[in-house]
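Enquirer: Please find one structure pasted underneath; my questions will follow.
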Amino acid sequence: MRYILQLSTGSFGHSELNAEEAVKTLEYCMKVLDVEKVIFGWASNIPLNQEISRMLDEHPVEKYLWLPVFAEIQDRADVRQNVRLTEKEKQEMNTCDGDAFDFACQSSRENMKYALEVFERLTEGCRMDGVFLDRIRYASAAGSVSALYGCWCPHCRDIYEKNGVDTERIRNMAASEQIAPFMPAALEQSIYRYEDRDIDRLMAAKRRIITSQVGALSELFHERGLKVGADTFAPSIADFVGQDLDALAGKVDFIKPMVYIRTDAPAGIPFEMRSLGGGIKKRIDRLWGGDTGSMEESIRQMQKLKDKGCNVAPGIDANRIEGICGADTGYVKEFLQKLAAAGIDRAVLSWDIMRISRETIDAAADVMSVSQRDGMAV
């Protein structure tokens, strides 16, 4: 099994990560694991980035800056903000220190240009191979049901209307704060068709916005000779935040679906499913043909993406964080072994290598893909 490592250097405005400890952890991982890429970020600590970059230059791995696009970095006064359809207060969410999920307008090209500026600033003096795009989505229902309606700034509203959405009807619908209008009726590839005609058109418009923006940003990075990876929700919940995984996979060099089944926080499958409610979860399970909160179904979804030609590297929630992620060594090793047996030969140890125990790292080192076992047999 080949691995992609994620190293959190802190939030955009604050970092307490010690460069020496980061280098020490990375050196250990390089020693025991077959590492192909390291993703690090997104603290505004340029000397730290340079130290990590210099260390990685000594190893045959690719370096990616971890870059949140529609959140975290978009805190300037001139950023086009995301306008909520209702003013109901958001629900409390389990998050790690420094995490923020206040999104800027997803259709703004100015916001995209600023993301590129942030990349260039944070990688000053570093030789980079690529960029890993995070927060390329809308807010989920975990914050509030109203988040599912997307951004309602004048520009976004105009897009919805051009896509046939009855915006006045949607406004009236949103006032009730009911999840029922978002009941999916059918599954097509990795997207849903919704029972309500205006919700179906709204969700189609939202996913087209995300796909278009990711495509435009990827093109800018590709023109600079950089590779592009993308963080996505798991297939069963991605469409609810505007992510068409098949379309996104065609815009970037690889996607990392977060198949986090032990995470009780944003992007965690049980966490996000709970916010959608039991009725929608039951319908989703029926459409996919299995329990979408299970390890077995998560692996089957990864196989489907791979079989369709998507360059997929599933993200496994391997770090144990009290109150956030209940991963342990046995869970991580079982997940990786089952992925390997299913023909998935690469995975991302998510989402912070600094919080993954040495025991778990050593267990991951023992997992071999089918191709590795075949090679040993020869």
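In the structure tokens, chains take letters A, B, ... by order of appearance, with residues numbered from 1 within each chain and ligands from 1 in the order shown.
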Find the spatial neighbours of range 341-351 of chain A, counting only C-alpha atoms, within a cut-off of 8 Å - ignore same-chain residues fewer than 4 positions away - and output them as a PyMOL selection string.
Expert: chain A and resi 1-8+256+299+302-303+313-319+336-337+369-371
Enquirer: Using only C-alpha atoms, which protein or nucleic acid residues come within 10 Å of Asp285 in chain A? Drop anything in the same chain fewer than 6 positions from it, and give the result as a short mmCIF file (atom, residue, chain, number, x, y, z; two decimals) with N, CA, C and O atoms, in the first residue's frame.
Expert:
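As a result, part.cif now contains:
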```cif
data_model
loop_
_atom_site.label_atom_id
_atom_site.label_comp_id
_atom_site.auth_asym_id
_atom_site.auth_seq_id
_atom_site.Cartn_x
_atom_site.Cartn_y
_atom_site.Cartn_z
N SER A 236 -21.54 9.18 -0.76
CA SER A 236 -22.94 9.18 -0.34
C SER A 236 -23.43 10.53 0.17
O SER A 236 -24.63 10.78 0.20
N ASP A 291 -25.46 -0.11 3.68
CA ASP A 291 -25.36 0.84 4.78
C ASP A 291 -24.21 1.81 4.49
O ASP A 291 -23.03 1.44 4.61
N THR A 292 -24.54 3.04 4.12
CA THR A 292 -23.51 3.99 3.70
C THR A 292 -22.64 4.48 4.87
O THR A 292 -21.68 5.22 4.65
N GLY A 293 -22.96 4.05 6.07
CA GLY A 293 -22.11 4.37 7.20
C GLY A 293 -21.13 3.27 7.54
O GLY A 293 -20.38 3.37 8.50
N GLU A 297 -19.45 -0.65 2.67
CA GLU A 297 -20.05 0.18 1.62
C GLU A 297 -19.10 1.29 1.19
O GLU A 297 -19.03 1.63 0.00
#
```
Enquirer: Name all residues at most 10 Å from range 267-276 of chain A (count only C-alpha atoms; drop same-chain ones fewer than 4 positions away) and give them as a PyMOL selection string.
Expert: chain A and resi 93-94+140-145+179-180+182-183+232-238+240+257-263+280-282+284+292-294+298+317+324-325
Enquirer: Using only C-alpha atoms, which protein or nucleic acid residues come within 7 Å of Cys151 in chain A? Drop anything in the same chain fewer than 2 positions from it, and give the result as a PDB file with all heavy atoms, in the first residue's frame.
Expert:
```
ATOM      1  N   ASN A  82     -20.653  34.804   1.572  1.00  0.00           N
ATOM      2  CA  ASN A  82     -21.762  33.874   1.354  1.00  0.00           C
ATOM      3  C   ASN A  82     -22.974  34.418   2.100  1.00  0.00           C
ATOM      4  O   ASN A  82     -22.900  34.724   3.288  1.00  0.00           O
ATOM      5  CB  ASN A  82     -21.366  32.490   1.888  1.00  0.00           C
ATOM      6  CG  ASN A  82     -22.413  31.433   1.614  1.00  0.00           C
ATOM      7  OD1 ASN A  82     -23.515  31.479   2.136  1.00  0.00           O
ATOM      8  ND2 ASN A  82     -22.050  30.444   0.806  1.00  0.00           N
ATOM      9  N   VAL A  83     -24.074  34.577   1.400  1.00  0.00           N
ATOM     10  CA  VAL A  83     -25.302  35.120   1.990  1.00  0.00           C
ATOM     11  C   VAL A  83     -26.271  33.973   2.254  1.00  0.00           C
ATOM     12  O   VAL A  83     -26.667  33.251   1.331  1.00  0.00           O
ATOM     13  CB  VAL A  83     -25.960  36.156   1.053  1.00  0.00           C
ATOM     14  CG1 VAL A  83     -27.264  36.672   1.652  1.00  0.00           C
ATOM     15  CG2 VAL A  83     -24.994  37.312   0.788  1.00  0.00           C
ATOM     16  N   ARG A  84     -26.638  33.811   3.516  1.00  0.00           N
ATOM     17  CA  ARG A  84     -27.580  32.746   3.871  1.00  0.00           C
ATOM     18  C   ARG A  84     -29.008  33.163   3.549  1.00  0.00           C
ATOM     19  O   ARG A  84     -29.368  34.336   3.677  1.00  0.00           O
ATOM     20  CB  ARG A  84     -27.459  32.407   5.353  1.00  0.00           C
ATOM     21  CG  ARG A  84     -26.187  31.648   5.703  1.00  0.00           C
ATOM     22  CD  ARG A  84     -26.246  31.128   7.116  1.00  0.00           C
ATOM     23  NE  ARG A  84     -26.172  32.208   8.101  1.00  0.00           N
ATOM     24  CZ  ARG A  84     -26.431  32.066   9.385  1.00  0.00           C
ATOM     25  NH1 ARG A  84     -26.817  30.892   9.841  1.00  0.00           N
ATOM     26  NH2 ARG A  84     -26.337  33.088  10.214  1.00  0.00           N
ATOM     27  N   CYS A 105     -18.511  33.371  -0.859  1.00  0.00           N
ATOM     28  CA  CYS A 105     -19.349  33.047  -2.019  1.00  0.00           C
ATOM     29  C   CYS A 105     -18.616  32.088  -2.954  1.00  0.00           C
ATOM     30  O   CYS A 105     -17.499  32.358  -3.390  1.00  0.00           O
ATOM     31  CB  CYS A 105     -19.720  34.323  -2.772  1.00  0.00           C
ATOM     32  SG  CYS A 105     -20.569  34.016  -4.334  1.00  0.00           S
ATOM     33  N   TYR A 149     -29.251  25.340   1.047  1.00  0.00           N
ATOM     34  CA  TYR A 149     -29.740  26.185  -0.036  1.00  0.00           C
ATOM     35  C   TYR A 149     -28.625  26.969  -0.713  1.00  0.00           C
ATOM     36  O   TYR A 149     -28.851  27.611  -1.738  1.00  0.00           O
ATOM     37  CB  TYR A 149     -30.821  27.138   0.494  1.00  0.00           C
ATOM     38  CG  TYR A 149     -32.099  26.430   0.889  1.00  0.00           C
ATOM     39  CD1 TYR A 149     -32.333  26.056   2.202  1.00  0.00           C
ATOM     40  CD2 TYR A 149     -33.061  26.116  -0.064  1.00  0.00           C
ATOM     41  CE1 TYR A 149     -33.490  25.393   2.575  1.00  0.00           C
ATOM     42  CE2 TYR A 149     -34.224  25.449   0.293  1.00  0.00           C
ATOM     43  CZ  TYR A 149     -34.438  25.088   1.613  1.00  0.00           C
ATOM     44  OH  TYR A 149     -35.589  24.422   1.956  1.00  0.00           O
ATOM     45  N   CYS A 153     -26.389  35.431  -2.507  1.00  0.00           N
ATOM     46  CA  CYS A 153     -26.025  36.783  -2.916  1.00  0.00           C
ATOM     47  C   CYS A 153     -26.707  37.045  -4.268  1.00  0.00           C
ATOM     48  O   CYS A 153     -27.168  36.098  -4.929  1.00  0.00           O
ATOM     49  CB  CYS A 153     -24.510  36.919  -3.030  1.00  0.00           C
ATOM     50  SG  CYS A 153     -23.782  36.053  -4.441  1.00  0.00           S
ATOM     51  N   CYS A 156     -25.391  34.787  -7.171  1.00  0.00           N
ATOM     52  CA  CYS A 156     -25.784  33.371  -7.101  1.00  0.00           C
ATOM     53  C   CYS A 156     -27.278  33.198  -7.382  1.00  0.00           C
ATOM     54  O   CYS A 156     -27.679  32.259  -8.066  1.00  0.00           O
ATOM     55  CB  CYS A 156     -25.424  32.784  -5.739  1.00  0.00           C
ATOM     56  SG  CYS A 156     -23.652  32.522  -5.498  1.00  0.00           S
TER      57      CYS A 156
END
```
Enquirer: For a quick check of understanding, using only C-alpha atoms, which of A:Leu85, A:Met30, A:Lys162, A:Arg283 has the smallest distance to Ala185 in chain A?
Expert: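 Checking each candidate against Ala185 in chain A, we get A:Arg283 as the closest.
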Enquirer: Compile a residue-level contact table for range 110-190 of chain A against range 223-231 of chain A at a cut-off of 7 Å, reporting for every qualifying residue the shortest atom pair and its distance in Å to one decimal, with only C-alpha atoms counted, rows ordered by chain and ascending number, as a tab-separated table.
Expert:
```
residue	atom	partner	partner_atom	distance
A:Asp129	CA	A:Leu226	CA	5.5
A:Gly130	CA	A:Lys227	CA	4.3
A:Val131	CA	A:Val228	CA	5.1
A:Phe132	CA	A:Gly229	CA	4.5
A:Leu133	CA	A:Ala230	CA	4.7
A:Asp134	CA	A:Asp231	CA	5.1
```
Enquirer: Need the shell around range 190-194 of chain A: protein/DNA/RNA residues with any atom at most 9 Å away, counting only C-alpha atoms. Skip same-chain ones fewer than 2 positions apart. Format as a PyMOL selection string?
Expert: chain A and resi 181-188+196-201+203-204+235-236+238-240+243-246+305
Enquirer: DSSP on the backbone: what in range 199-274 of chain A comes out alpha helix (DSSP H), as a ChimeraX atom specification?
Expert: /A:199-223,235-238,245-249,269-274
Enquirer: Rank nothing, just name the residue among A:Gly323, A:Gly277, A:Pro47, A:Pro266 nearest to Leu17 in chain A, using only C-alpha atoms.
Expert: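 Answer, going by the shortest atom-to-atom distance: A:Pro47.
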Enquirer: Please identify which residues in range 129-290 of chain A DSSP calls strand (DSSP E) from the backbone, and express them as a CSV table (one decimal) with all heavy atoms, in the first residue's frame.
Expert:
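Dumped everything to part-v1.csv:
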```csv
chain,number,residue,atom,x,y,z
A,130,GLY,N,2.7,20.4,-6.1
A,130,GLY,CA,1.3,20.6,-6.3
A,130,GLY,C,0.5,21.3,-5.2
A,130,GLY,O,1.2,21.8,-4.3
A,131,VAL,N,-0.8,21.4,-5.3
A,131,VAL,CA,-1.6,22.0,-4.4
A,131,VAL,C,-2.8,21.0,-4.1
A,131,VAL,O,-3.3,20.3,-5.0
A,131,VAL,CB,-2.2,23.3,-4.9
A,131,VAL,CG1,-2.9,23.2,-6.2
A,131,VAL,CG2,-3.1,24.0,-3.9
A,132,PHE,N,-3.2,21.0,-2.8
A,132,PHE,CA,-4.3,20.2,-2.4
A,132,PHE,C,-5.5,21.1,-2.0
A,132,PHE,O,-5.4,21.8,-1.0
A,132,PHE,CB,-3.9,19.3,-1.3
A,132,PHE,CG,-4.9,18.3,-0.8
A,132,PHE,CD1,-5.3,17.2,-1.7
A,132,PHE,CD2,-5.6,18.4,0.4
A,132,PHE,CE1,-6.3,16.3,-1.3
A,132,PHE,CE2,-6.5,17.5,0.8
A,132,PHE,CZ,-6.9,16.5,0.0
A,133,LEU,N,-6.5,21.1,-2.8
A,133,LEU,CA,-7.6,22.0,-2.6
A,133,LEU,C,-8.6,21.4,-1.6
A,133,LEU,O,-9.2,20.3,-1.8
A,133,LEU,CB,-8.4,22.2,-3.9
A,133,LEU,CG,-7.5,22.7,-5.1
A,133,LEU,CD1,-8.4,22.9,-6.3
A,133,LEU,CD2,-6.8,24.0,-4.8
A,134,ASP,N,-8.8,22.2,-0.5
A,134,ASP,CA,-9.8,21.8,0.5
A,134,ASP,C,-10.9,22.9,0.6
A,134,ASP,O,-10.8,23.9,0.0
A,134,ASP,CB,-9.1,21.7,1.9
A,134,ASP,CG,-9.9,21.0,2.9
A,134,ASP,OD1,-11.1,20.6,2.7
A,134,ASP,OD2,-9.3,20.7,4.0
A,184,PRO,N,-33.7,12.7,-1.7
A,184,PRO,CA,-33.3,12.2,-3.1
A,184,PRO,C,-34.2,11.2,-3.6
A,184,PRO,O,-34.7,10.3,-2.8
A,184,PRO,CB,-31.9,11.7,-2.9
A,184,PRO,CG,-31.8,11.3,-1.4
A,184,PRO,CD,-32.7,12.2,-0.7
A,185,ALA,N,-34.5,11.2,-4.9
A,185,ALA,CA,-35.4,10.3,-5.5
A,185,ALA,C,-34.6,9.2,-6.3
A,185,ALA,O,-35.1,8.1,-6.5
A,185,ALA,CB,-36.3,11.0,-6.5
A,186,ALA,N,-33.4,9.6,-6.8
A,186,ALA,CA,-32.6,8.6,-7.6
A,186,ALA,C,-31.2,9.0,-7.5
A,186,ALA,O,-30.8,10.1,-7.2
A,186,ALA,CB,-33.1,8.7,-9.1
A,187,LEU,N,-30.3,8.0,-7.9
A,187,LEU,CA,-28.9,8.1,-7.9
A,187,LEU,C,-28.4,8.0,-9.3
A,187,LEU,O,-28.7,7.0,-10.0
A,187,LEU,CB,-28.2,7.1,-7.0
A,187,LEU,CG,-26.7,7.0,-7.0
A,187,LEU,CD1,-26.1,8.2,-6.4
A,187,LEU,CD2,-26.2,5.7,-6.2
A,188,GLU,N,-27.7,9.0,-9.8
A,188,GLU,CA,-27.1,8.9,-11.1
A,188,GLU,C,-25.6,9.2,-11.0
A,188,GLU,O,-25.1,10.3,-10.6
A,188,GLU,CB,-27.7,10.0,-12.0
A,188,GLU,CG,-29.2,9.8,-12.3
A,188,GLU,CD,-29.7,10.9,-13.2
A,188,GLU,OE1,-29.0,11.8,-13.6
A,188,GLU,OE2,-30.9,10.8,-13.6
A,191,ILE,N,-24.2,11.5,-8.2
A,191,ILE,CA,-25.1,12.6,-7.8
A,191,ILE,C,-26.5,12.1,-7.6
A,191,ILE,O,-26.9,11.0,-8.1
A,191,ILE,CB,-25.1,13.7,-8.8
A,191,ILE,CG1,-25.7,13.3,-10.2
A,191,ILE,CG2,-23.7,14.3,-9.0
A,191,ILE,CD1,-25.9,14.4,-11.2
A,192,TYR,N,-27.3,12.9,-6.9
A,192,TYR,CA,-28.7,12.6,-6.7
A,192,TYR,C,-29.6,13.4,-7.5
A,192,TYR,O,-29.3,14.5,-7.9
A,192,TYR,CB,-29.1,12.8,-5.2
A,192,TYR,CG,-28.3,11.9,-4.2
A,192,TYR,CD1,-27.5,12.5,-3.2
A,192,TYR,CD2,-28.4,10.6,-4.2
A,192,TYR,CE1,-26.8,11.7,-2.3
A,192,TYR,CE2,-27.8,9.8,-3.3
A,192,TYR,CZ,-26.9,10.4,-2.4
A,192,TYR,OH,-26.2,9.6,-1.5
A,193,ARG,N,-30.8,12.9,-7.9
A,193,ARG,CA,-31.9,13.6,-8.4
A,193,ARG,C,-32.9,13.7,-7.3
A,193,ARG,O,-33.1,12.7,-6.6
A,193,ARG,CB,-32.5,12.9,-9.6
A,193,ARG,CG,-31.5,12.7,-10.8
A,193,ARG,CD,-30.9,14.0,-11.2
A,193,ARG,NE,-31.8,15.1,-11.6
A,193,ARG,CZ,-32.3,15.2,-12.8
A,193,ARG,NH1,-31.9,14.4,-13.8
A,193,ARG,NH2,-33.2,16.1,-13.1
A,194,TYR,N,-33.5,14.9,-7.1
A,194,TYR,CA,-34.3,15.1,-5.9
A,194,TYR,C,-35.8,15.2,-6.3
A,194,TYR,O,-36.2,15.5,-7.4
A,194,TYR,CB,-33.9,16.5,-5.2
A,194,TYR,CG,-32.5,16.4,-4.7
A,194,TYR,CD1,-31.4,16.6,-5.5
A,194,TYR,CD2,-32.2,16.0,-3.4
A,194,TYR,CE1,-30.1,16.5,-5.0
A,194,TYR,CE2,-30.9,15.9,-2.9
A,194,TYR,CZ,-29.9,16.2,-3.7
A,194,TYR,OH,-28.6,16.0,-3.3
A,227,LYS,N,0.6,20.0,-10.0
A,227,LYS,CA,-0.5,19.0,-9.9
A,227,LYS,C,-1.5,19.4,-8.9
A,227,LYS,O,-1.2,20.3,-8.0
A,227,LYS,CB,0.1,17.6,-9.5
A,227,LYS,CG,1.1,17.0,-10.5
A,227,LYS,CD,1.6,15.7,-10.1
A,227,LYS,CE,2.6,15.1,-11.1
A,227,LYS,NZ,3.1,13.8,-10.7
A,228,VAL,N,-2.7,18.9,-9.0
A,228,VAL,CA,-3.8,19.3,-8.2
A,228,VAL,C,-4.5,18.1,-7.6
A,228,VAL,O,-4.9,17.2,-8.3
A,228,VAL,CB,-4.8,20.2,-9.0
A,228,VAL,CG1,-6.0,20.7,-8.1
A,228,VAL,CG2,-4.1,21.4,-9.6
A,229,GLY,N,-4.7,18.1,-6.3
A,229,GLY,CA,-5.5,17.2,-5.6
A,229,GLY,C,-6.7,17.9,-5.0
A,229,GLY,O,-6.7,19.1,-4.8
A,230,ALA,N,-7.7,17.1,-4.7
A,230,ALA,CA,-9.0,17.7,-4.1
A,230,ALA,C,-9.5,16.9,-3.0
A,230,ALA,O,-9.7,15.7,-3.1
A,230,ALA,CB,-10.0,17.9,-5.2
A,231,ASP,N,-9.9,17.6,-1.9
A,231,ASP,CA,-10.5,16.9,-0.8
A,231,ASP,C,-12.0,17.0,-1.0
A,231,ASP,O,-12.6,18.0,-1.4
A,231,ASP,CB,-10.2,17.8,0.5
A,231,ASP,CG,-10.1,16.9,1.8
A,231,ASP,OD1,-9.8,15.7,1.6
A,231,ASP,OD2,-10.1,17.5,2.9
A,232,THR,N,-12.7,15.8,-0.9
A,232,THR,CA,-14.1,15.8,-1.1
A,232,THR,C,-14.8,15.0,0.0
A,232,THR,O,-14.2,14.2,0.7
A,232,THR,CB,-14.5,15.1,-2.4
A,232,THR,OG1,-14.3,13.6,-2.3
A,232,THR,CG2,-13.6,15.6,-3.6
A,233,PHE,N,-16.1,15.2,0.1
A,233,PHE,CA,-16.9,14.4,1.0
A,233,PHE,C,-17.0,12.9,0.4
A,233,PHE,O,-16.7,12.7,-0.7
A,233,PHE,CB,-18.3,14.9,1.2
A,233,PHE,CG,-18.4,15.9,2.3
A,233,PHE,CD1,-17.4,16.7,2.7
A,233,PHE,CD2,-19.7,16.1,2.9
A,233,PHE,CE1,-17.5,17.6,3.7
A,233,PHE,CE2,-19.8,17.1,3.9
A,233,PHE,CZ,-18.7,17.8,4.3
A,254,PHE,N,-6.0,14.0,-8.7
A,254,PHE,CA,-6.6,13.0,-7.9
A,254,PHE,C,-7.6,13.6,-6.9
A,254,PHE,O,-7.5,14.8,-6.6
A,254,PHE,CB,-5.5,12.2,-7.1
A,254,PHE,CG,-4.9,12.9,-5.9
A,254,PHE,CD1,-5.4,12.8,-4.6
A,254,PHE,CD2,-3.8,13.8,-6.1
A,254,PHE,CE1,-4.8,13.4,-3.6
A,254,PHE,CE2,-3.2,14.5,-5.1
A,254,PHE,CZ,-3.7,14.3,-3.8
A,255,ILE,N,-8.5,12.7,-6.5
A,255,ILE,CA,-9.5,13.2,-5.4
A,255,ILE,C,-9.3,12.3,-4.2
A,255,ILE,O,-8.9,11.1,-4.3
A,255,ILE,CB,-10.9,13.1,-5.9
A,255,ILE,CG1,-11.3,11.7,-6.3
A,255,ILE,CG2,-11.2,14.1,-7.1
A,255,ILE,CD1,-12.8,11.5,-6.6
A,256,LYS,N,-9.6,12.9,-3.1
A,256,LYS,CA,-9.5,12.2,-1.8
A,256,LYS,C,-10.8,12.2,-1.1
A,256,LYS,O,-11.1,13.1,-0.3
A,256,LYS,CB,-8.4,12.8,-0.9
A,256,LYS,CG,-8.2,12.1,0.5
A,256,LYS,CD,-7.8,13.1,1.5
A,256,LYS,CE,-8.8,13.1,2.7
A,256,LYS,NZ,-8.4,14.1,3.7
A,257,PRO,N,-11.7,11.2,-1.4
A,257,PRO,CA,-13.0,11.2,-0.7
A,257,PRO,C,-12.7,10.9,0.8
A,257,PRO,O,-12.0,9.9,1.1
A,257,PRO,CB,-13.7,10.0,-1.3
A,257,PRO,CG,-13.1,9.9,-2.7
A,257,PRO,CD,-11.6,10.2,-2.4
A,258,MET,N,-13.3,11.7,1.7
A,258,MET,CA,-13.1,11.5,3.1
A,258,MET,C,-14.1,10.4,3.6
A,258,MET,O,-15.2,10.7,4.1
A,258,MET,CB,-13.3,12.8,3.9
A,258,MET,CG,-12.3,13.8,3.5
A,258,MET,SD,-12.6,15.4,4.3
A,258,MET,CE,-13.8,16.2,3.2
```
Enquirer: Excluding range 115-117 of chain A and residues on its chain fewer than 6 positions from it, collect all residues at most 8 Å away from it, counting only C-alpha atoms, and give them as a ChimeraX atom specification.
Expert: /A:67-69,73,217
Enquirer: Just the number, please: distance in Å from CA of Ile39 in chain A to CA of Leu65 in chain A, one decimal.
Expert: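 Value for the CA of Ile39 in chain A-CA of Leu65 in chain A distance: 5.7 Å.
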Enquirer: I'd like to know which of A:Trp288, A:Phe221, A:Trp42, A:Phe12 is closest to Asp253 in chain A, using only C-alpha atoms.
Expert: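 Checking each of A:Trp288, A:Phe221, A:Trp42, A:Phe12 against Asp253 in chain A, counting only C-alpha atoms, the winner is A:Phe221.
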Enquirer: May I ask for the distance between CA of Trp66 in chain A and CA of Asn45 in chain A, given in Å to one decimal place?
Expert: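 CA of Asn45 in chain A lies 12.9 Å from CA of Trp66 in chain A.
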Enquirer: How many Å lie between CA of Gln50 in chain A and CA of Glu16 in chain A, rounded to one decimal?
Expert: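 Separation of CA of Gln50 in chain A and CA of Glu16 in chain A: 15.6 Å.
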Enquirer: Here is a test: counting only C-alpha atoms, which residue of A:Arg169, A:Arg157, A:His14, A:Arg355 is nearest to Lys206 in chain A?
Expert: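 Looking at the shortest contact to Lys206 in chain A, the residue is A:Arg157.
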Enquirer: Do you know which residues are at most 8 Å from Ala364 in chain A counting only C-alpha atoms, after dropping those on the same chain fewer than 4 positions away, and could you put them as an MDAnalysis selection string?
Expert: chainID A and resid 33 332:333 336 360
Enquirer: Those residues you just picked out, can you put them in a file as an mmCIF file, in the first residue's frame with C-alpha atoms?
Expert:
```cif
data_model
loop_
_atom_site.group_PDB
_atom_site.id
_atom_site.type_symbol
_atom_site.label_atom_id
_atom_site.label_comp_id
_atom_site.auth_asym_id
_atom_site.auth_seq_id
_atom_site.Cartn_x
_atom_site.Cartn_y
_atom_site.Cartn_z
ATOM 1 C CA LEU A 33 5.975 3.696 5.045
ATOM 2 C CA VAL A 332 -7.172 1.753 10.726
ATOM 3 C CA LYS A 333 -5.413 -1.507 9.921
ATOM 4 C CA LEU A 336 -6.497 -0.428 4.992
ATOM 5 C CA THR A 360 -0.896 2.980 14.014
#
```
Enquirer: Using only C-alpha atoms for the distances, tell me which of A:Cys310, A:Val241, A:Val32, A:Ile361 is nearest to Ala147 in chain A.
Expert: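 Under the stated criterion, the closest residue is A:Val241.
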